[in-house]
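Peer 1: I have a structure I would like to understand better, so I am pasting it below and will then ask my questions one at a time.
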Amino acid sequence: MQPAALAIDIGGTKVAAALVDKDGRIIRRDEVATPASPDADVVFAAVTTVADRVRADHPVCGVGVGCGGPMQWPEGNVSPLNIPAWRHFPLRDRLRRHVPDQIVRVTNDAVAMAIGEHAHGTGQGTESFLGVVVSTGVGGGLIVGGRPVTGPTGNAGHVGHVVVDPIGPRCECGARGCLEAIARGPAVVRWAVDAGWRAPADSRPDGRSLLEAARAGDPVATAAFDRAGSALGAALGAAAHLLDLDAIAIGGGLANAGDLLLGPVRHEFERRARLDFAARCRIGAAVLGTDAGLVGAAALVTDGGQYWTGGAD
Ligand SMILES: [Zn+2]
């Protein structure tokens, strides 16, 4: 049996784990809901439970983790905005103790997604690539020269806090008019509800029911995706000019909207990215879907050093 990477993807709603072979193929995968507990150890127990379930008796050749930010990197002390129980939680150290004799590498979940798409998806073969995750928040991971750009604190690529409307809504970060304040899933749903959209009696007003309404032709639901897509297109136009990007992949729950979101993204991008070098950038959905983060987390430990820039283990 060939050893496989143990990949873990930790978000505010679920913790997923998988065994991934060196070619990026998922051998076994499982997930649990992220506990809402205020107890850091309860959340960590969910992580080890699902990780132990997938590795079972299979030999492992390292542990790669994508986790919501912000974090101290490369130390892997994490403070995910949407997991309040973890503040400066020593995730990397705790996993090292749980899986002894293995390297453990932790990165931002959006960076993991970008790595996955660069290694095996939309970004394959590109030199300059941005992966964007649009879900509860809007995250980004940046690859330049074929390697992740993390920045000195590990937080480069936060495209969600590029300002797309200087007089726009307040963002959780304290600024105004950030991409995330407009295009994060809950903000898209809130905008639709404020504009008069109502979820059917048997469902909650969330991204899923809003998408169903937009697919059925509801004009307010469609306008909500238009607005989010336009904001994304504007931010991505700025990113393309700044970084001379070859390609951008959009993933996360909201990307399930497909062309309802990507259509307005491309339309606005084309309006904004007028210089030839920026206009050539391809924009597509993340082809690995929601598994991109797991595949990228695995690549942190199976890629022979291309994707891990955090130094000695
Ligand atoms: Zn912000």
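Naming scheme: A, B, ... for chains in displayed order of the structure tokens; residues 1 onward per chain; ligands 1 onward as shown.
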Identify, counting only C-alpha atoms and all ligand atoms, the protein, DNA and RNA residues located within 9 Å of ligand 1, and give them as a list of chain:residue names.

Peer 2: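 Checked against 9 Å with only C-alpha atoms and all ligand atoms; the hits are A:Gly160, A:His161, A:Val162, A:Val163, A:Arg170, A:Cys171, A:Glu172, A:Cys173, A:Gly174, A:Ala175, A:Arg176, A:Gly177, A:Cys178, A:Leu179, A:Glu180, A:Ala181.
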
Peer 1: Residues within 9 Å of Pro186 in chain A, please, as a compact mmCIF listing (two decimals) with N, CA and C atoms, in the first residue's frame. Count only C-alpha atoms; anything in the same chain fewer than 4 positions from it doesn't count.

Peer 2:
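As written to disk, out-v1.txt reads:
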```txt
# COMPACT_ATOMS: atom_id res chain seq x y z
N SER A 135 -17.65 32.03 0.00
CA SER A 135 -18.61 31.29 0.83
C SER A 135 -19.05 32.21 1.96
N THR A 136 -18.87 31.77 3.22
CA THR A 136 -19.25 32.64 4.35
C THR A 136 -18.44 33.93 4.31
N GLY A 137 -17.21 33.83 3.86
CA GLY A 137 -16.37 34.99 3.61
C GLY A 137 -15.89 34.94 2.16
N ARG A 190 -28.73 38.56 2.50
CA ARG A 190 -29.29 39.71 3.21
C ARG A 190 -29.75 40.79 2.24
N TRP A 191 -28.94 41.06 1.21
CA TRP A 191 -29.31 42.08 0.22
C TRP A 191 -30.61 41.69 -0.46
N ASP A 206 -31.26 31.18 2.60
CA ASP A 206 -29.80 30.99 2.58
C ASP A 206 -29.33 30.92 1.12
N GLY A 207 -28.04 30.68 0.96
CA GLY A 207 -27.48 30.68 -0.38
C GLY A 207 -28.16 29.66 -1.29
```

Peer 1: I want to know what sits within 12 Å of Leu242 in chain A, based on only C-alpha atoms, with residues of the same chain fewer than 2 positions away left out; could you give that as number ranges by chain?

Peer 2: A: 128-130, 142, 144, 157, 159, 162, 235-240, 244-246, 273, 275, 277-278

Peer 1: Give me, as a PyMOL selection string, all polymer residues having an atom no more than 10 Å from range 252-268 of chain A, counting only C-alpha atoms and skipping those fewer than 6 positions away in the same chain.

Peer 2: chain A and resi 110+113+132-139+183-185+188+207-208+210-212+214-215+221-237+282-286+289-293

Peer 1: Fewer than 3 positions away in the same chain doesn't count, so skip those; otherwise give me all residues within 9 Å of Thr34 in chain A, counting only C-alpha atoms, as a ChimeraX atom specification.

Peer 2: /A:10-15,37,43,46-47,83

Peer 1: Using N, CA and C atoms, can you export the residues from the last selection as a PDB file, in the first residue's frame?

Peer 2:
```pdb
ATOM      1  N   ILE A  10     -10.466  22.719   7.386  1.00  0.00           N
ATOM      2  CA  ILE A  10     -11.237  23.129   8.566  1.00  0.00           C
ATOM      3  C   ILE A  10     -11.922  24.465   8.297  1.00  0.00           C
ATOM      4  N   GLY A  11     -13.253  24.445   8.318  1.00  0.00           N
ATOM      5  CA  GLY A  11     -14.018  25.670   8.104  1.00  0.00           C
ATOM      6  C   GLY A  11     -15.044  25.865   9.205  1.00  0.00           C
ATOM      7  N   GLY A  12     -15.788  26.925   9.113  1.00  0.00           N
ATOM      8  CA  GLY A  12     -16.761  27.256  10.142  1.00  0.00           C
ATOM      9  C   GLY A  12     -17.960  26.332  10.177  1.00  0.00           C
ATOM     10  N   THR A  13     -18.273  25.671   9.043  1.00  0.00           N
ATOM     11  CA  THR A  13     -19.434  24.786   9.040  1.00  0.00           C
ATOM     12  C   THR A  13     -19.055  23.311   9.043  1.00  0.00           C
ATOM     13  N   LYS A  14     -17.919  22.969   8.409  1.00  0.00           N
ATOM     14  CA  LYS A  14     -17.552  21.554   8.428  1.00  0.00           C
ATOM     15  C   LYS A  14     -16.038  21.352   8.491  1.00  0.00           C
ATOM     16  N   VAL A  15     -15.690  20.173   8.994  1.00  0.00           N
ATOM     17  CA  VAL A  15     -14.299  19.728   8.982  1.00  0.00           C
ATOM     18  C   VAL A  15     -14.247  18.515   8.072  1.00  0.00           C
ATOM     19  N   SER A  37     -19.326  24.419  19.821  1.00  0.00           N
ATOM     20  CA  SER A  37     -18.885  24.541  21.207  1.00  0.00           C
ATOM     21  C   SER A  37     -17.865  25.663  21.400  1.00  0.00           C
ATOM     22  N   VAL A  43     -13.667  21.199  19.598  1.00  0.00           N
ATOM     23  CA  VAL A  43     -13.480  21.413  18.159  1.00  0.00           C
ATOM     24  C   VAL A  43     -12.318  20.551  17.660  1.00  0.00           C
ATOM     25  N   ALA A  46     -13.196  16.959  17.140  1.00  0.00           N
ATOM     26  CA  ALA A  46     -13.903  16.698  15.876  1.00  0.00           C
ATOM     27  C   ALA A  46     -12.893  16.515  14.742  1.00  0.00           C
ATOM     28  N   VAL A  47     -11.827  17.316  14.773  1.00  0.00           N
ATOM     29  CA  VAL A  47     -10.790  17.231  13.737  1.00  0.00           C
ATOM     30  C   VAL A  47     -10.094  15.867  13.806  1.00  0.00           C
ATOM     31  N   ILE A  83     -14.635  30.333  13.783  1.00  0.00           N
ATOM     32  CA  ILE A  83     -14.555  29.317  14.854  1.00  0.00           C
ATOM     33  C   ILE A  83     -14.099  30.048  16.127  1.00  0.00           C
TER      34      ILE A  83
END
```

Peer 1: Could you pull out the alpha helix (DSSP H) residues of range 3-244 of chain A from DSSP and send them as number ranges by chain?

Peer 2: A: 40-55, 91-98, 109-120, 179-183, 185-194, 207-215, 219-243

Peer 1: Please provide the set of residues having any atom within 12 Å of His98 in chain A, restricted to only C-alpha atoms, with same-chain residues fewer than 5 positions apart removed, written as an MDAnalysis selection string.

Peer 2: chainID A and resid 44:45 47:49 51:52 63 91:93 103:104

Peer 1: Can I get the selected residues back with N, CA, C and O atoms, as a PDB file, in the first residue's frame?

Peer 2:
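In the end it all went to result_1.pdb:
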```
ATOM      1  N   PHE A  44     -11.223  20.512  18.446  1.00  0.00           N
ATOM      2  CA  PHE A  44     -10.066  19.718  18.028  1.00  0.00           C
ATOM      3  C   PHE A  44     -10.411  18.222  17.987  1.00  0.00           C
ATOM      4  O   PHE A  44      -9.952  17.494  17.112  1.00  0.00           O
ATOM      5  N   ALA A  45     -11.251  17.783  18.928  1.00  0.00           N
ATOM      6  CA  ALA A  45     -11.652  16.371  18.943  1.00  0.00           C
ATOM      7  C   ALA A  45     -12.417  16.014  17.666  1.00  0.00           C
ATOM      8  O   ALA A  45     -12.286  14.894  17.140  1.00  0.00           O
ATOM      9  N   VAL A  47     -11.827  17.316  14.773  1.00  0.00           N
ATOM     10  CA  VAL A  47     -10.790  17.231  13.737  1.00  0.00           C
ATOM     11  C   VAL A  47     -10.094  15.867  13.806  1.00  0.00           C
ATOM     12  O   VAL A  47      -9.941  15.176  12.785  1.00  0.00           O
ATOM     13  N   THR A  48      -9.691  15.455  15.001  1.00  0.00           N
ATOM     14  CA  THR A  48      -8.964  14.180  15.117  1.00  0.00           C
ATOM     15  C   THR A  48      -9.884  12.988  14.829  1.00  0.00           C
ATOM     16  O   THR A  48      -9.454  11.987  14.262  1.00  0.00           O
ATOM     17  N   THR A  49     -11.162  13.120  15.193  1.00  0.00           N
ATOM     18  CA  THR A  49     -12.097  12.024  14.931  1.00  0.00           C
ATOM     19  C   THR A  49     -12.206  11.756  13.433  1.00  0.00           C
ATOM     20  O   THR A  49     -12.070  10.614  12.968  1.00  0.00           O
ATOM     21  N   ALA A  51     -10.194  12.792  11.065  1.00  0.00           N
ATOM     22  CA  ALA A  51      -8.878  12.455  10.502  1.00  0.00           C
ATOM     23  C   ALA A  51      -8.545  10.984  10.766  1.00  0.00           C
ATOM     24  O   ALA A  51      -8.058  10.275   9.875  1.00  0.00           O
ATOM     25  N   ASP A  52      -8.824  10.530  11.977  1.00  0.00           N
ATOM     26  CA  ASP A  52      -8.519   9.134  12.320  1.00  0.00           C
ATOM     27  C   ASP A  52      -9.390   8.168  11.526  1.00  0.00           C
ATOM     28  O   ASP A  52      -8.964   7.066  11.175  1.00  0.00           O
ATOM     29  N   VAL A  63       0.957  15.301   6.981  1.00  0.00           N
ATOM     30  CA  VAL A  63      -0.366  15.867   7.244  1.00  0.00           C
ATOM     31  C   VAL A  63      -0.380  17.304   6.719  1.00  0.00           C
ATOM     32  O   VAL A  63       0.447  18.129   7.133  1.00  0.00           O
ATOM     33  N   LEU A  91      -2.744  24.689  16.434  1.00  0.00           N
ATOM     34  CA  LEU A  91      -3.226  23.568  15.628  1.00  0.00           C
ATOM     35  C   LEU A  91      -2.088  22.673  15.136  1.00  0.00           C
ATOM     36  O   LEU A  91      -2.158  21.443  15.205  1.00  0.00           O
ATOM     37  N   ARG A  92      -1.023  23.312  14.654  1.00  0.00           N
ATOM     38  CA  ARG A  92       0.079  22.509  14.089  1.00  0.00           C
ATOM     39  C   ARG A  92       0.741  21.652  15.179  1.00  0.00           C
ATOM     40  O   ARG A  92       0.981  20.462  14.972  1.00  0.00           O
ATOM     41  N   ASP A  93       0.976  22.253  16.340  1.00  0.00           N
ATOM     42  CA  ASP A  93       1.605  21.501  17.434  1.00  0.00           C
ATOM     43  C   ASP A  93       0.699  20.371  17.928  1.00  0.00           C
ATOM     44  O   ASP A  93       1.166  19.261  18.202  1.00  0.00           O
ATOM     45  N   ILE A 103       5.442  14.935   9.280  1.00  0.00           N
ATOM     46  CA  ILE A 103       5.453  16.382   9.134  1.00  0.00           C
ATOM     47  C   ILE A 103       4.000  16.872   9.089  1.00  0.00           C
ATOM     48  O   ILE A 103       3.117  16.199   8.566  1.00  0.00           O
ATOM     49  N   VAL A 104       3.780  18.023   9.692  1.00  0.00           N
ATOM     50  CA  VAL A 104       2.448  18.637   9.691  1.00  0.00           C
ATOM     51  C   VAL A 104       2.620  20.071   9.181  1.00  0.00           C
ATOM     52  O   VAL A 104       3.458  20.818   9.694  1.00  0.00           O
TER      53      VAL A 104
END
```

Peer 1: When DSSP is applied to the backbone of this structure, which of range 266-311 of chain A are assigned strand (DSSP E or B)? Write them out as number ranges by chain.

Peer 2: A: 282-285

Peer 1: Restricting it to all heavy atoms, dump the selection as a short mmCIF file (atom, residue, chain, number, x, y, z; two decimals), in the first residue's frame.

Peer 2:
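Contents of selection.cif, as written:
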```cif
data_model
loop_
_atom_site.label_atom_id
_atom_site.label_comp_id
_atom_site.auth_asym_id
_atom_site.auth_seq_id
_atom_site.Cartn_x
_atom_site.Cartn_y
_atom_site.Cartn_z
N ARG A 282 -7.72 34.27 -17.82
CA ARG A 282 -8.89 33.38 -17.90
C ARG A 282 -9.59 33.32 -16.53
O ARG A 282 -8.92 33.27 -15.50
CB ARG A 282 -8.46 31.95 -18.23
CG ARG A 282 -7.95 31.74 -19.64
CD ARG A 282 -7.65 30.25 -19.87
NE ARG A 282 -6.46 29.80 -19.16
CZ ARG A 282 -6.44 28.89 -18.18
NH1 ARG A 282 -7.56 28.33 -17.75
NH2 ARG A 282 -5.31 28.52 -17.62
N ILE A 283 -10.92 33.29 -16.54
CA ILE A 283 -11.67 33.15 -15.29
C ILE A 283 -12.56 31.92 -15.41
O ILE A 283 -13.32 31.80 -16.37
CB ILE A 283 -12.54 34.39 -15.01
CG1 ILE A 283 -11.65 35.63 -14.84
CG2 ILE A 283 -13.38 34.18 -13.75
CD1 ILE A 283 -12.41 36.91 -14.58
N GLY A 284 -12.45 31.01 -14.45
CA GLY A 284 -13.29 29.81 -14.51
C GLY A 284 -13.67 29.34 -13.12
O GLY A 284 -13.18 29.85 -12.11
N ALA A 285 -14.59 28.38 -13.08
CA ALA A 285 -14.95 27.78 -11.80
C ALA A 285 -13.82 26.85 -11.36
O ALA A 285 -13.07 26.34 -12.19
CB ALA A 285 -16.24 26.98 -11.96
#
```

Peer 1: Which residues are near Pro70 in chain A? Cut-off 12 Å, only C-alpha atoms, ignore same chain within fewer than 6 positions. Put them as a PyMOL selection string.

Peer 2: chain A and resi 76-84+86-89+106-111+139+153-158+173

Peer 1: Quick check, in Å to one decimal: how far apart do CA of Arg28 in chain A and CA of Arg55 in chain A lie?

Peer 2: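 A separation of 8.2 Å between them.
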
Peer 1: Which is closest to Gly141 in chain A among A:Pro35, A:Gly296, A:Gly196, A:Pro3, if we use only C-alpha atoms?

Peer 2: A:Gly296

Peer 1: When you count only C-alpha atoms, which of these residues is closest to Ile248 in chain A: A:Gln72, A:Gln2, A:Thr126, A:Gln102?

Peer 2: A:Thr126

Peer 1: How many Å separate CA of Pro219 in chain A from CA of Val193 in chain A?

Peer 2: 12.4 Å
